[in-house]
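Peer 1: One structure, pasted below without further comment.
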Amino acid sequence: MTVLPHNDFRLPAEWEAQSFVQLTWPHAATDWAPCLDEAKACFAAIAREVARREDLLIVTPEPRAVARELRAAGIIDGDPVEMRRGVSTVRAGEFCITIFERPTDDTWARDHAFLTCVDSRGGLALRDFRFNGWGGKFAADKDDKINAALFGRAIDCVAATYVDDSDTILEGGSIESDGRGTLLTTSSCLLSAGRNDYASESEADAMLRRKLGAERVLWLANGYLAGDDTDGHIDTLARLCPDDTIAYVRCDDPADEHYAALEAMERELRAFRTSDGRPYRLLPLPMADAVVRDGERLPATYANFLVVNGAVLMPSYAQPENDRRAAEVLAEAFPDREIVPVDCRVLIRQHGSLHCVTMQYPAGVALCAEE
């Protein structure tokens, strides 16, 4: 395994400056087939908002079809320029969209994309952890190979180092970083069967310190979201925000199935302390009203937002009061950014939401330039 030459590295916070965001596009061979047009419309809405603010990388086995869809949505008005086999680029106003041709299993970029570490010397390490479909629940072999194919073809290999972390299963949705050495995660996910088979929390803790430069790890033992396939990804429950703030899902209805677990999670959050010993500022997000399809409650959560340059893209669920309240909370957490709702009702049909289908890359990581 490639290792960094020194250990003063960290996982940046999502609200730090970004170079681009990755989307892995839906197609007919994915689980989106029964609602493919709706899913593509949602991905196009996300793409539009990202491309207004920074570059965008799209991974797809169908690059020409995606280009047509981007044109139809008014996101681009020209044809992509082919740079080399399988990679093309097109302007979207001020920014650039790179389309990378690659076979894919599904669309959950948050969990199969690189995790990028930065160091005090300006070095960047693209860490390629193994993705096994959340403990072997779903096919993931194609998605697990995307990162190695991207490096040096769509992602510039000069500005960053590739780190092979295939000895460890780790998903981006399972960890949160404040960019200053603190990580937030859940024991239900990192200690779950089918991933790394850690014997204890301390083993997983040591891995996060060794591979992501964590100085301390905050572990949540509680928290639950119906319809979740990930064993409790932190990005569906509680999110680190600037100024020692945590935005988290709170359930106020004792009759709701989530009430006890989320109340216990809230008690844990209240007990957490910052690195200098102060309580965190806690901002409760509303619990979305139950969304049920075919008898199954779907994991609608406002915690699954994406921070991009100048904005927060917030999942909305056609619940006017809850959508409004969630936007107000996120405006308090990110007062310097525009809060942009994106209708994500179709995404929760496949048990994820907005943050789950995206991955941000920090400033300095570069997409390959046009030839």
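Identifiers in this document derive from the order of the structure tokens: chains are assigned A, B, ..., residues are numbered from 1 separately in each chain, and ligands are numbered from 1 in order of occurrence.
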Quick one: residues within 9 Å of Ile76 of chain A, only C-alpha atoms counted, chain neighbours fewer than 2 positions away excluded, as a list in words?
Peer 2: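 In the requested form, the answer reads Ala67, Leu70, Arg71, Ala72, Ala73, Gly74, Gly78, Asp79, Val90, Arg91, Ala92, Gly93 and Ile97 of chain A.
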Peer 1: Give me the segment 124-181 of chain A side of the contact with segment 236-247 of chain A, cut-off 12 Å, one line per residue showing its nearest atom pair and distance in Å at one decimal, counting only C-alpha atoms, sorted by chain and residue number, as a Markdown table.
Peer 2:
```
| residue | atom | partner | partner_atom | distance |
| --- | --- | --- | --- | --- |
| A:Gly172 | CA | A:Thr236 | CA | 11.8 |
| A:Gly173 | CA | A:Thr236 | CA | 8.1 |
| A:Ser174 | CA | A:Thr236 | CA | 9.1 |
| A:Ile175 | CA | A:Arg239 | CA | 9.2 |
| A:Glu176 | CA | A:Leu240 | CA | 6.3 |
| A:Ser177 | CA | A:Leu240 | CA | 6.6 |
| A:Asp178 | CA | A:Leu240 | CA | 6.1 |
| A:Gly179 | CA | A:Pro242 | CA | 9.5 |
| A:Arg180 | CA | A:Asp244 | CA | 10.4 |
```
Peer 1: Generate the output file for the selected residues, C-alpha atoms, as a short mmCIF file (atom, residue, chain, number, x, y, z; two decimals), in the first residue's frame.
Peer 2:
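Listed below is the output, out_0.cif:
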```cif
data_model
loop_
_atom_site.label_atom_id
_atom_site.label_comp_id
_atom_site.auth_asym_id
_atom_site.auth_seq_id
_atom_site.Cartn_x
_atom_site.Cartn_y
_atom_site.Cartn_z
CA GLY A 172 -17.68 8.57 2.69
CA GLY A 173 -21.19 8.71 4.11
CA SER A 174 -20.03 7.02 7.29
CA ILE A 175 -17.75 9.83 8.48
CA GLU A 176 -17.93 13.58 9.08
CA SER A 177 -14.91 15.87 9.50
CA ASP A 178 -14.54 19.37 10.92
CA GLY A 179 -11.24 19.80 9.03
CA ARG A 180 -9.39 20.29 12.33
#
```
Peer 1: Just the residues within 10 Å of Leu208 of chain A, please, counting only C-alpha atoms, with nothing from its chain fewer than 6 positions along; format it as a CSV table (one decimal) with N, CA, C and O atoms, in the first residue's frame.
Peer 2:
```csv
chain,number,residue,atom,x,y,z
A,170,LEU,N,-14.3,1.5,3.7
A,170,LEU,CA,-14.8,2.7,4.3
A,170,LEU,C,-15.6,3.6,3.3
A,170,LEU,O,-15.1,3.8,2.2
A,175,ILE,N,-18.6,9.0,7.7
A,175,ILE,CA,-17.7,9.8,8.5
A,175,ILE,C,-18.0,11.3,8.2
A,175,ILE,O,-18.3,11.7,7.1
A,183,LEU,N,-13.3,13.7,13.8
A,183,LEU,CA,-14.3,13.0,13.0
A,183,LEU,C,-15.5,12.6,13.9
A,183,LEU,O,-15.4,12.3,15.1
A,202,SER,N,-12.1,0.6,19.4
A,202,SER,CA,-10.7,1.1,19.4
A,202,SER,C,-10.0,0.7,18.2
A,202,SER,O,-9.1,1.5,17.7
A,214,ALA,N,-7.0,11.6,11.8
A,214,ALA,CA,-7.9,12.0,12.9
A,214,ALA,C,-7.1,12.2,14.2
A,214,ALA,O,-6.3,11.3,14.5
A,215,GLU,N,-7.4,13.2,14.9
A,215,GLU,CA,-6.8,13.4,16.2
A,215,GLU,C,-7.8,12.9,17.3
A,215,GLU,O,-7.3,12.5,18.4
A,216,ARG,N,-9.0,12.9,17.0
A,216,ARG,CA,-10.0,12.3,17.9
A,216,ARG,C,-11.3,12.0,17.1
A,216,ARG,O,-11.5,12.5,16.1
A,217,VAL,N,-12.0,11.0,17.6
A,217,VAL,CA,-13.2,10.5,16.9
A,217,VAL,C,-14.4,10.5,17.9
A,217,VAL,O,-14.2,9.9,19.0
```
Peer 1: Do a neighbour search on Lys40 of chain A at 9 Å with only C-alpha atoms, toss out local chain neighbours closer than 3 positions, and write the hits as a PyMOL selection string.
Peer 2: chain A and resi 25-27+32+35-37+43-45+69
Peer 1: Keeping only C-alpha atoms, write the selected residues as a compact mmCIF listing (two decimals), in the first residue's frame.
Peer 2:
```txt
# COMPACT_ATOMS: atom_id res chain seq x y z
CA TRP A 25 -25.13 9.00 -13.34
CA PRO A 26 -28.16 6.63 -13.30
CA HIS A 27 -28.85 4.30 -16.23
CA TRP A 32 -33.27 3.25 -10.95
CA CYS A 35 -38.17 5.45 -12.23
CA LEU A 36 -35.25 6.27 -14.51
CA ASP A 37 -36.62 9.47 -16.06
CA PHE A 43 -29.49 14.26 -11.07
CA ALA A 44 -29.79 17.00 -13.71
CA ALA A 45 -31.15 19.39 -11.06
CA GLU A 69 -29.69 14.98 -21.18
```
Peer 1: For the contact check between segment 101-188 of chain A and segment 331-350 of chain A, emit one row per residue of segment 101-188 of chain A within 12 Å, containing the shortest atom pair and the distance in Å rounded to one decimal, counting only C-alpha atoms, chain then rising number order, as JSON lines.
Peer 2:
```
{"residue": "A:Asp106", "atom": "CA", "partner": "A:Gln350", "partner_atom": "CA", "distance": 10.3}
{"residue": "A:Thr107", "atom": "CA", "partner": "A:Gln350", "partner_atom": "CA", "distance": 10.2}
{"residue": "A:Trp108", "atom": "CA", "partner": "A:Gln350", "partner_atom": "CA", "distance": 10.2}
{"residue": "A:Phe138", "atom": "CA", "partner": "A:Gln350", "partner_atom": "CA", "distance": 12.0}
```
Peer 1: Do you have the atom CA of Arg53 of chain A-atom CA of Leu313 of chain A distance handy?
Peer 2: 11.4 Å
Peer 1: From the DSSP assignment of the backbone, select every residue of segment 271-301 of chain A that is strand (DSSP E), and format the answer as a list of chain:residue names.
Peer 2: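 Output for segment 271-301 of chain A, strand (DSSP E) only: A:Arg281, A:Leu282, A:Leu283, A:Pro284, A:Leu285, A:Pro286, A:Val292, A:Arg293, A:Glu296, A:Arg297.
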Peer 1: For Met359 of chain A, which residue out of A:Ile99, A:Val307, A:Ala204, A:Ala125 is the nearest one, using only C-alpha atoms?
Peer 2: A:Val307
Peer 1: Can you tell me how far atom CA of Phe20 of chain A sits from atom CA of His355 of chain A, in Å to one decimal?
Peer 2: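 These atoms are spaced 14.3 Å apart.
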Peer 1: Could you name the residues that touch Arg297 of chain A at 8 Å or less, counting only C-alpha atoms, but leaving out those on the same chain fewer than 6 positions away, as number ranges by chain?
Peer 2: A: 226-227, 290-291
Peer 1: Return the single residue from A:Thr24, A:Thr182, A:Ser188, A:Ser19 that is closest to Ser275 of chain A, with distances computed using only C-alpha atoms.
Peer 2: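 When distances to Ser275 of chain A are compared using only C-alpha atoms, the smallest one comes from A:Thr182.
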Peer 1: Using only C-alpha atoms, which residues sit within 9 Å of Glu54 of chain A once same-chain residues fewer than 6 positions away are excluded, as a list in words?
Peer 2: Gln18, Ser19, Phe20, Val21, Glu94, Phe95, Cys96, Val308 and Asn309 of chain A
Peer 1: Mind the document's chain letters and residue numbers, and return as a list in words the residues of segment 211-360 of chain A that DSSP labels alpha helix (DSSP H).
Peer 2: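 Secondary structure check on segment 211-360 of chain A, alpha helix (DSSP H): Lys211, Leu212, Tyr259, Ala260, Ala261, Leu262, Glu263, Ala264, Met265, Glu266, Arg267, Glu268, Leu269, Arg270, Ala271, Pro320, Glu321, Asn322, Asp323, Arg324, Arg325, Ala326, Ala327, Glu328, Val329, Leu330, Ala331, Glu332 and Ala333 of chain A.
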Peer 1: By how many Å are atom CA of Tyr361 of chain A and atom CA of Thr98 of chain A apart?
Peer 2: 13.8 Å
Peer 1: Please identify all polymer residues within 7 Å of Val87 of chain A, counting only C-alpha atoms, omitting same-chain residues fewer than 6 positions from it, and present them as a PyMOL selection string.
Peer 2: chain A and resi 99-101+154
Peer 1: Using only C-alpha atoms, which of the listed residues (A:Arg293, A:Arg102, A:Arg324, A:Lys211) sits closest to Asp128 of chain A?
Peer 2: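 Using only C-alpha atoms, Asp128 of chain A sits closest to A:Lys211.
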Peer 1: Counting only C-alpha atoms, which residue out of A:Gly277, A:Pro63, A:Gly181, A:Pro103 sits closest to Val81 of chain A?
Peer 2: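 Among the listed residues, the smallest separation from Val81 of chain A belongs to A:Pro63.
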